[in-house]
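One file, entry-v8.tsv, carrying TSV, C-alpha atoms:
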```
chain	number	residue	atom	x	y	z
A	15	MET	CA	64.76	92.16	92.72
A	16	ALA	CA	66.20	95.63	93.33
A	17	TRP	CA	66.31	98.88	91.44
A	18	LEU	CA	68.42	101.99	91.47
A	19	ARG	CA	66.19	105.00	91.99
A	20	GLY	CA	68.70	107.83	91.58
A	21	PHE	CA	71.95	109.40	92.62
A	22	GLY	CA	73.24	112.45	94.44
A	23	SER	CA	76.54	114.04	95.26
A	24	TYR	CA	78.21	116.86	97.11
A	25	LEU	CA	81.59	118.43	96.48
A	26	PRO	CA	83.11	121.03	98.81
A	27	ASP	CA	83.55	124.51	97.36
A	28	ARG	CA	87.30	124.85	97.72
A	29	ILE	CA	89.15	123.95	94.53
A	30	VAL	CA	92.79	122.98	94.93
A	31	SER	CA	94.72	123.14	91.68
A	32	ASN	CA	97.82	121.18	90.78
A	33	VAL	CA	99.77	124.41	91.13
A	34	GLU	CA	98.56	124.86	94.69
A	35	ILE	CA	99.13	121.26	95.75
A	36	GLY	CA	102.47	121.39	93.97
A	37	SER	CA	103.47	124.39	96.06
A	38	MET	CA	102.68	122.43	99.23
A	39	THR	CA	104.42	119.20	98.24
A	40	GLY	CA	107.12	120.21	95.80
A	41	ALA	CA	105.42	118.29	93.00
A	42	ASP	CA	105.53	119.58	89.44
A	43	PRO	CA	101.93	120.34	88.30
A	44	ALA	CA	102.60	118.90	84.84
A	45	TRP	CA	103.93	115.70	86.41
A	46	ILE	CA	100.79	115.37	88.53
A	47	LEU	CA	98.64	115.58	85.41
A	48	GLN	CA	100.82	113.13	83.53
A	49	VAL	CA	100.85	110.40	86.16
A	50	SER	CA	97.25	110.71	87.31
A	51	GLY	CA	95.13	112.70	84.86
A	52	ILE	CA	94.14	114.92	87.77
A	53	GLU	CA	93.91	118.69	87.19
A	54	GLN	CA	92.30	119.72	90.46
A	55	ARG	CA	90.52	118.38	93.52
A	56	ARG	CA	88.20	119.71	96.22
A	57	PHE	CA	89.12	120.12	99.88
A	58	ALA	CA	86.53	120.31	102.63
A	59	GLY	CA	86.26	123.47	104.70
A	60	THR	CA	87.26	123.49	108.35
A	61	GLY	CA	83.66	123.25	109.47
A	62	GLU	CA	82.82	120.34	107.23
A	63	THR	CA	82.85	116.71	108.34
A	64	VAL	CA	82.35	113.28	106.81
A	65	VAL	CA	78.82	113.46	108.26
A	66	SER	CA	78.02	116.87	106.81
A	67	LEU	CA	79.31	115.96	103.35
A	68	GLY	CA	77.42	112.67	103.44
A	69	ALA	CA	74.20	114.35	104.54
A	70	ARG	CA	74.44	116.86	101.69
A	71	ALA	CA	74.92	114.08	99.14
A	72	ALA	CA	72.04	112.12	100.66
A	73	GLN	CA	69.73	115.14	100.48
A	74	ASP	CA	70.75	115.71	96.87
A	75	CYS	CA	69.99	112.08	96.09
A	76	LEU	CA	66.58	112.09	97.77
A	77	ALA	CA	65.67	115.29	95.95
A	78	ALA	CA	66.75	113.81	92.61
A	79	CYS	CA	64.59	110.74	93.32
A	80	GLY	CA	61.62	112.81	94.41
A	81	ALA	CA	61.68	110.85	97.63
A	82	GLY	CA	61.31	111.98	101.20
A	83	ALA	CA	63.72	110.92	103.91
A	84	SER	CA	60.83	109.20	105.66
A	85	GLU	CA	60.76	106.68	102.78
A	86	VAL	CA	64.23	105.40	103.67
A	87	GLY	CA	64.26	102.07	105.50
A	88	LEU	CA	67.99	101.55	105.91
A	89	ILE	CA	71.19	103.59	105.59
A	90	LEU	CA	74.46	102.00	104.47
A	91	MET	CA	77.35	104.42	104.70
A	92	SER	CA	80.92	103.84	103.61
A	93	SER	CA	83.87	105.94	104.65
A	94	GLY	CA	87.53	105.27	105.20
A	95	THR	CA	88.10	108.68	106.75
A	96	ALA	CA	85.50	108.89	109.52
A	97	GLU	CA	86.64	111.27	112.24
A	98	ARG	CA	86.47	108.73	115.07
A	99	ARG	CA	86.62	105.01	115.73
A	100	PHE	CA	83.01	104.84	116.89
A	101	PRO	CA	80.28	105.64	116.44
A	102	GLY	CA	80.69	105.80	112.71
A	103	PRO	CA	79.00	108.50	110.64
A	104	ALA	CA	75.97	106.50	109.46
A	105	SER	CA	73.71	107.15	112.44
A	106	ALA	CA	74.66	110.81	112.55
A	107	VAL	CA	73.74	111.20	108.88
A	108	GLY	CA	70.39	109.58	109.67
A	109	MET	CA	69.86	112.16	112.38
A	110	GLU	CA	70.84	114.97	109.99
A	111	LEU	CA	68.24	113.66	107.56
A	112	GLY	CA	65.62	113.64	110.29
A	113	ILE	CA	65.17	109.88	110.28
A	114	ALA	CA	66.72	108.91	113.59
A	115	GLY	CA	65.51	105.44	114.47
A	116	ILE	CA	66.10	104.01	111.01
A	117	PRO	CA	68.90	101.41	111.11
A	118	ALA	CA	72.18	102.86	109.89
A	119	ILE	CA	75.18	100.67	109.18
A	120	ASP	CA	78.75	101.84	108.71
A	121	LEU	CA	80.98	100.24	106.11
A	122	PRO	CA	84.52	101.40	106.93
A	123	LEU	CA	85.79	100.47	103.50
A	124	ALA	CA	87.90	102.92	101.56
A	125	SER	CA	87.55	103.09	97.77
A	126	ALA	CA	85.40	99.98	97.22
A	127	GLY	CA	82.96	100.82	100.02
A	128	SER	CA	80.24	102.24	97.81
A	129	LEU	CA	80.30	99.20	95.52
A	130	PHE	CA	79.99	96.90	98.51
A	131	GLY	CA	77.23	99.16	99.84
A	132	LEU	CA	75.26	99.06	96.59
A	133	THR	CA	75.55	95.29	96.40
A	134	LEU	CA	74.38	94.86	99.97
A	135	ALA	CA	71.56	97.33	99.35
A	136	ALA	CA	70.35	95.29	96.40
A	137	GLN	CA	70.18	92.24	98.64
A	138	LEU	CA	68.52	94.07	101.52
A	139	ALA	CA	65.98	96.18	99.64
A	140	GLY	CA	63.43	93.40	99.77
A	141	ALA	CA	63.53	93.43	103.55
A	142	TYR	CA	64.06	97.13	104.28
A	143	GLY	CA	62.49	98.91	101.33
A	144	ASN	CA	64.48	101.91	100.21
A	145	VAL	CA	68.14	101.61	101.15
A	146	LEU	CA	70.14	104.83	101.05
A	147	VAL	CA	73.76	104.12	100.17
A	148	ILE	CA	76.10	106.97	101.05
A	149	ALA	CA	79.86	107.32	100.65
A	150	SER	CA	81.67	110.29	102.15
A	151	GLU	CA	85.36	111.00	102.39
A	152	ILE	CA	87.61	113.78	103.61
A	153	MET	CA	90.87	112.51	102.19
A	154	SER	CA	92.60	115.87	102.60
A	155	ARG	CA	92.88	115.21	106.34
A	156	ALA	CA	94.45	111.80	105.74
A	157	ILE	CA	97.28	112.85	103.44
A	158	SER	CA	100.66	114.31	104.22
A	159	LEU	CA	101.07	117.61	102.39
A	160	THR	CA	104.84	117.36	102.43
A	161	VAL	CA	107.61	116.54	100.01
A	162	GLU	CA	107.81	113.06	101.55
A	163	GLY	CA	104.11	112.47	101.12
A	164	ARG	CA	103.65	114.00	97.71
A	165	GLU	CA	103.22	110.83	95.65
A	166	THR	CA	100.08	110.08	97.63
A	167	ALA	CA	98.95	113.60	98.51
A	168	ILE	CA	98.56	114.70	94.89
A	169	LEU	CA	95.96	112.02	94.20
A	170	PHE	CA	93.21	112.65	96.68
A	171	GLY	CA	90.25	114.95	97.14
A	172	ASP	CA	87.12	115.25	99.26
A	173	GLY	CA	83.51	114.61	98.38
A	174	ALA	CA	80.43	112.50	98.90
A	175	GLY	CA	78.02	110.52	96.76
A	176	ALA	CA	74.75	108.71	97.34
A	177	CYS	CA	72.37	106.28	95.65
A	178	LEU	CA	68.87	105.21	96.62
A	179	VAL	CA	68.19	101.52	96.03
A	180	GLY	CA	64.65	100.16	96.31
A	181	ALA	CA	62.50	97.12	95.70
A	182	GLU	CA	60.09	99.01	93.45
A	183	PRO	CA	60.89	99.85	89.79
A	184	GLY	CA	63.30	102.74	89.38
A	185	ILE	CA	65.72	104.03	86.76
A	186	ALA	CA	67.67	100.77	86.34
A	187	GLN	CA	67.50	97.20	87.57
A	188	PHE	CA	70.21	95.48	89.55
A	189	VAL	CA	71.29	92.32	87.73
A	190	ASP	CA	74.28	90.82	89.53
A	191	ALA	CA	77.50	91.63	91.33
A	192	VAL	CA	80.79	89.98	92.19
A	193	LEU	CA	82.71	91.01	95.30
A	194	HIS	CA	86.14	89.89	96.43
A	195	SER	CA	88.40	90.52	99.41
A	196	ASP	CA	91.98	89.44	100.05
A	197	GLY	CA	94.00	90.46	103.08
A	198	GLU	CA	97.34	89.39	101.62
A	199	PHE	CA	98.07	92.94	100.49
A	200	ALA	CA	96.43	94.73	103.41
A	201	GLU	CA	99.66	96.57	104.22
A	202	VAL	CA	100.16	98.17	100.81
A	203	LEU	CA	97.29	100.63	101.26
A	204	ARG	CA	96.37	101.61	104.79
A	205	LEU	CA	95.49	104.48	107.09
A	206	GLU	CA	96.51	104.06	110.70
A	207	HIS	CA	94.86	105.97	113.51
A	208	ASP	CA	96.45	109.41	113.85
A	209	GLY	CA	98.61	108.78	110.79
A	210	SER	CA	98.52	109.59	107.12
A	211	ILE	CA	97.80	107.29	104.22
A	212	HIS	CA	100.47	104.78	103.33
A	213	MET	CA	100.30	103.58	99.76
A	214	ASP	CA	102.69	101.38	97.85
A	215	GLY	CA	101.43	102.82	94.60
A	216	LYS	CA	103.17	100.42	92.23
A	217	THR	CA	101.82	97.34	93.95
A	218	VAL	CA	98.34	98.82	94.28
A	219	ILE	CA	98.20	99.69	90.59
A	220	MET	CA	99.51	96.27	89.59
A	221	GLN	CA	96.91	94.52	91.69
A	222	ALA	CA	94.12	96.79	90.49
A	223	ALA	CA	95.10	96.54	86.84
A	224	ARG	CA	94.76	92.79	87.05
A	225	LYS	CA	91.93	92.25	89.53
A	226	LEU	CA	89.46	94.84	88.25
A	227	PRO	CA	89.30	93.60	84.64
A	228	ARG	CA	89.09	90.03	85.88
A	229	ALA	CA	86.12	90.86	88.13
A	230	ILE	CA	84.34	92.70	85.33
A	231	THR	CA	84.95	89.84	82.91
A	232	GLU	CA	83.72	87.33	85.51
A	233	LEU	CA	80.55	89.38	85.94
A	234	LEU	CA	79.89	89.80	82.22
A	235	GLU	CA	80.51	86.16	81.40
A	236	ARG	CA	78.33	84.97	84.24
A	237	ASN	CA	75.49	87.08	82.90
A	238	ARG	CA	76.17	86.37	79.20
A	239	GLN	CA	76.64	90.08	78.67
A	240	ALA	CA	78.85	91.07	75.72
A	241	ALA	CA	81.40	93.72	76.65
A	242	SER	CA	80.75	95.48	73.35
A	243	GLU	CA	77.16	96.10	74.43
A	244	VAL	CA	78.08	97.71	77.75
A	245	GLU	CA	76.96	101.32	77.47
A	246	ALA	CA	79.02	102.69	80.34
A	247	ILE	CA	81.59	101.70	82.94
A	248	LEU	CA	81.37	103.68	86.16
A	249	LEU	CA	84.60	103.00	88.02
A	250	HIS	CA	86.12	104.10	91.25
A	251	GLN	CA	87.97	107.20	90.06
A	252	ALA	CA	91.46	106.34	91.21
A	253	ASN	CA	93.65	107.41	88.35
A	254	LEU	CA	92.88	108.19	84.71
A	255	ASN	CA	95.58	105.84	83.49
A	256	LEU	CA	94.03	102.99	85.45
A	257	LEU	CA	90.55	103.74	84.11
A	258	THR	CA	91.83	103.68	80.56
A	259	ARG	CA	93.70	100.46	81.21
A	260	VAL	CA	90.64	98.72	82.66
A	261	ALA	CA	88.46	99.74	79.70
A	262	GLN	CA	91.07	98.43	77.27
A	263	SER	CA	91.45	95.17	79.18
A	264	VAL	CA	87.73	94.36	79.14
A	265	LYS	CA	87.39	95.58	75.54
A	266	VAL	CA	84.84	98.29	76.22
A	267	PRO	CA	85.46	101.46	74.19
A	268	GLU	CA	87.37	103.96	76.30
A	269	ASN	CA	84.80	106.68	75.66
A	270	ARG	CA	82.26	104.57	77.56
A	271	CYS	CA	84.42	104.65	80.67
A	272	TYR	CA	83.14	107.74	82.47
A	273	SER	CA	85.75	109.85	84.19
A	274	ASN	CA	85.68	112.96	86.32
A	275	VAL	CA	88.96	112.27	88.08
A	276	ALA	CA	90.47	115.33	86.38
A	277	ARG	CA	88.16	117.60	88.38
A	278	TYR	CA	87.90	115.84	91.72
A	279	GLY	CA	90.91	113.56	92.06
A	280	ASN	CA	90.47	110.31	93.94
A	281	THR	CA	87.68	110.73	96.49
A	282	SER	CA	88.03	107.11	97.62
A	283	SER	CA	84.72	105.36	98.24
A	284	ALA	CA	82.73	108.45	97.24
A	285	SER	CA	84.20	108.62	93.76
A	286	MET	CA	82.13	105.93	92.05
A	287	LEU	CA	78.85	107.44	93.24
A	288	ILE	CA	79.91	110.99	92.37
A	289	ALA	CA	80.81	109.73	88.89
A	290	ALA	CA	77.50	107.87	88.62
A	291	ASP	CA	75.58	110.97	89.64
A	292	GLU	CA	77.28	113.17	87.04
A	293	TRP	CA	77.02	110.50	84.36
A	294	TRP	CA	73.29	109.98	85.05
A	295	ARG	CA	72.61	113.71	84.83
A	296	GLU	CA	74.03	113.58	81.28
A	297	GLN	CA	71.65	110.79	80.23
A	298	ALA	CA	68.56	113.02	80.00
A	299	GLY	CA	66.50	110.66	82.13
A	300	LYS	CA	66.94	107.50	80.03
A	301	TRP	CA	69.07	104.60	81.24
A	302	PRO	CA	70.99	103.59	78.10
A	303	GLY	CA	71.39	99.83	78.67
A	304	PRO	CA	73.89	97.59	80.44
A	305	VAL	CA	76.13	99.56	82.80
A	306	VAL	CA	78.98	98.19	84.89
A	307	PHE	CA	80.00	99.67	88.22
A	308	ALA	CA	83.39	98.57	89.53
A	309	ALA	CA	85.80	99.48	92.31
A	310	PHE	CA	89.05	98.43	93.89
A	311	GLY	CA	90.61	99.54	97.12
A	312	ALA	CA	92.28	98.97	100.45
A	313	GLY	CA	91.72	95.58	101.99
A	314	LEU	CA	92.16	94.57	99.29
A	315	ASN	CA	88.49	94.76	98.34
A	316	TRP	CA	87.23	94.82	94.78
A	317	GLY	CA	84.36	93.85	92.55
A	318	ALA	CA	81.88	94.79	89.88
A	319	MET	CA	78.15	95.20	89.53
A	320	LEU	CA	75.90	94.95	86.46
A	321	VAL	CA	72.81	97.12	86.13
A	322	ARG	CA	70.40	97.34	83.20
B	45	MET	CA	116.92	81.34	72.17
B	46	ASN	CA	117.81	81.39	75.88
B	47	ASP	CA	115.60	82.78	78.62
B	48	GLN	CA	117.49	86.05	78.88
B	49	THR	CA	117.04	86.75	75.19
B	50	ARG	CA	113.36	85.91	75.34
B	51	ILE	CA	112.85	88.14	78.39
B	52	LEU	CA	114.70	90.98	76.71
B	53	ALA	CA	112.46	90.66	73.66
B	54	ILE	CA	109.38	90.87	75.88
B	55	LEU	CA	110.78	93.88	77.72
B	56	ARG	CA	111.41	95.68	74.45
B	57	GLN	CA	107.91	94.90	73.28
B	58	VAL	CA	106.35	96.13	76.54
B	59	ALA	CA	108.54	99.23	76.75
B	60	GLY	CA	107.92	99.99	73.09
B	61	LYS	CA	111.56	100.76	72.40
B	62	PRO	CA	114.86	98.96	71.81
B	63	ILE	CA	116.08	99.03	75.40
B	64	GLU	CA	119.30	97.33	76.52
B	65	PRO	CA	119.20	97.00	80.33
B	66	SER	CA	121.99	95.30	82.21
B	67	PRO	CA	120.90	92.23	84.18
B	68	GLU	CA	120.91	94.07	87.50
B	69	ASP	CA	119.51	97.43	86.33
B	70	SER	CA	116.33	98.50	88.14
B	71	LEU	CA	113.69	98.59	85.45
B	72	PHE	CA	111.57	100.94	87.58
B	73	GLU	CA	114.22	103.39	88.70
B	74	SER	CA	115.54	103.64	85.16
B	75	GLY	CA	112.04	104.48	83.98
B	76	LEU	CA	111.86	101.53	81.58
B	77	LEU	CA	108.81	100.11	83.32
B	78	ASP	CA	105.97	101.53	85.36
B	79	SER	CA	103.13	99.79	87.17
B	80	PHE	CA	101.05	99.50	84.03
B	81	THR	CA	103.76	98.20	81.74
B	82	LEU	CA	104.78	95.76	84.45
B	83	THR	CA	101.28	94.34	84.31
B	84	ASP	CA	101.75	93.91	80.56
B	85	LEU	CA	105.11	92.28	81.20
B	86	VAL	CA	103.58	89.74	83.56
B	87	GLY	CA	100.93	88.80	81.01
B	88	ALA	CA	103.56	88.45	78.29
B	89	LEU	CA	105.78	86.27	80.49
B	90	GLU	CA	102.85	83.96	81.17
B	91	GLY	CA	102.25	83.58	77.45
B	92	GLU	CA	105.87	83.21	76.42
B	93	PHE	CA	106.94	80.72	79.10
B	94	GLY	CA	103.64	78.94	79.68
B	95	ILE	CA	103.66	79.76	83.37
B	96	ARG	CA	100.98	81.08	85.68
B	97	ILE	CA	101.90	84.11	87.77
B	98	PRO	CA	99.57	84.39	90.77
B	99	ASP	CA	98.36	87.76	92.02
B	100	SER	CA	100.29	87.15	95.23
B	101	ASP	CA	103.51	87.46	93.22
B	102	LEU	CA	102.54	90.77	91.65
B	103	THR	CA	104.97	93.02	93.44
B	104	PRO	CA	107.55	95.24	91.77
B	105	ARG	CA	110.53	93.71	93.55
B	106	LYS	CA	110.04	90.34	91.86
B	107	PHE	CA	110.29	91.90	88.41
B	108	ASP	CA	112.55	94.88	88.96
B	109	SER	CA	115.49	93.64	86.90
B	110	MET	CA	116.30	91.21	84.10
B	111	ALA	CA	118.07	88.98	86.61
B	112	ARG	CA	115.09	88.89	88.96
B	113	ILE	CA	112.70	88.15	86.12
B	114	GLU	CA	114.92	85.34	84.88
B	115	ALA	CA	115.16	83.85	88.39
B	116	TYR	CA	111.42	84.14	88.84
B	117	VAL	CA	110.64	82.43	85.54
B	118	ALA	CA	113.07	79.64	86.39
B	119	SER	CA	111.39	79.15	89.77
B	120	LYS	CA	108.02	78.69	88.11
B	121	ARG	CA	109.04	75.85	85.83
```
Written as structure tokens, how would this file's structure read?
Amino acid sequence: MAWLRGFGSYLPDRIVSNVEIGSMTGADPAWILQVSGIEQRRFAGTGETVVSLGARAAQDCLAACGAGASEVGLILMSSGTAERRFPGPASAVGMELGIAGIPAIDLPLASAGSLFGLTLAAQLAGAYGNVLVIASEIMSRAISLTVEGRETAILFGDGAGACLVGAEPGIAQFVDAVLHSDGEFAEVLRLEHDGSIHMDGKTVIMQAARKLPRAITELLERNRQAASEVEAILLHQANLNLLTRVAQSVKVPENRCYSNVARYGNTSSASMLIAADEWWREQAGKWPGPVVFAAFGAGLNWGAMLVR
Amino acid sequence: MNDQTRILAILRQVAGKPIEPSPEDSLFESGLLDSFTLTDLVGALEGEFGIRIPDSDLTPRKFDSMARIEAYVASKR
């Protein structure tokens, strides 16, 4: 049995509007809004790193939970934009938090990494106690701010999110999760070393628009949970049109599908936890009922998680 | 009703307008379909023709024109 104890997030200060990104890529700001629902995104400063963003989100999370770093028994950290091949950022974040010596595992999974992290944390909390799940991404250093790269560059932003998962009662109880991976479409969304993101957007959207609702439906049916009773869907914030489509497909009212993609763009694996943090802060301390987390991303990796 | 007529009816329903594409017209480049409406199209084709379209076939090139859709549907029977 595992519980969510709380969330945290960190967004860099620099706001990049559609006008500004349009000036760099030749994209029409109105077109950006139309195709993505994104109005602005954040870009990390030159001195910021995946580790520093992740550490800030982790500190925010621990503070929100009223927990000390010394209570953490395991760190799971997802990032698709870590600055180097190894070591990954997880151990460095542990050091930043002052808990060097605690096991820290990297999950180099873009987009769906935080969902996979939460699911693993729920399984591992019994053995390790509090598991700190962190997702941190600096997408702005992985995009090509050029005319050629504009269809991808307009979508992404930087940020970090965190969630503390424990074996003791917290704000909500983990119920179940479904995770899937399929390498058949590995090439359609990838980031090579020393390159910029390659995304076959049409194929990615088609796969996501079909796989995400199916995973959510699989999860709800397996747990005899009526979609109409789901109080919120907290999705990887890829694209507003996709979020709307997923909510419609699983027959959950669109207004229960939380979205902050307009303000932050797609922050890859960090986005679901940033959304969860903001959504939870609006709940005035009371978990409203069944909530579905879901994500889809490069790999392909996708899945959904039910929390009550 | 032949396959082409049935496919055209589905395309019009998905696009939400009385479109008249030529068999070889790119449905994407002409703006008649996007990634989301293509997903609707695939679901409608499954229902209309009683076929199952696996995720591995969900790529734009397989459905980018009336002719390609017709060939695909024929291959699935």
Atom-to-atom span, CA of Phe188 in chain A and CA of Arg19 in chain A, Å: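 Between these atoms lies a distance of 10.6 Å.
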Distance-based interface of chain B with chain A, 6 Å, counting only C-alpha atoms, as a list in words: Ser79, Thr83 and Thr103 of chain B
Test item: residues at most 6 Å from range 104-116 of chain A, all atoms listed in the file, excluding those fewer than 2 positions along its chain, as a list in words: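 The filter keeps Val65, Ala69, Leu88, Met91, Gly102, Ala118, Ile119 and Asp120 of chain A.
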Residue with smallest distance to Tyr272 in chain A - pool A:Ala252, A:Val64, A:Cys79, A:Ala289, counting all atoms listed in the file: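 With all atoms listed in the file as the atom set, the closest residue is A:Ala289.
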d(CA of Trp294 in chain A, CA of Val244 in chain A) in Å: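 Interatomic distance, CA of Trp294 in chain A to CA of Val244 in chain A: 15.1 Å.
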Exercise: Ser66 in chain B partners within 9 Å, only C-alpha atoms, chain neighbours under 4 positions left out, as a PyMOL selection string: chain B and resi 70+109-111
Which residue of A:Val86, A:Ala41, A:Val321, A:Leu76 approaches Leu132 in chain A most closely, using only C-alpha atoms: A:Val321
Who sits within 12 Å of Gly171 in chain A, only C-alpha atoms, same chain under 2 positions skipped, as a ChimeraX atom specification: /A:25-32,35,52-58,95,150-157,166-169,173-174,251-252,274-285
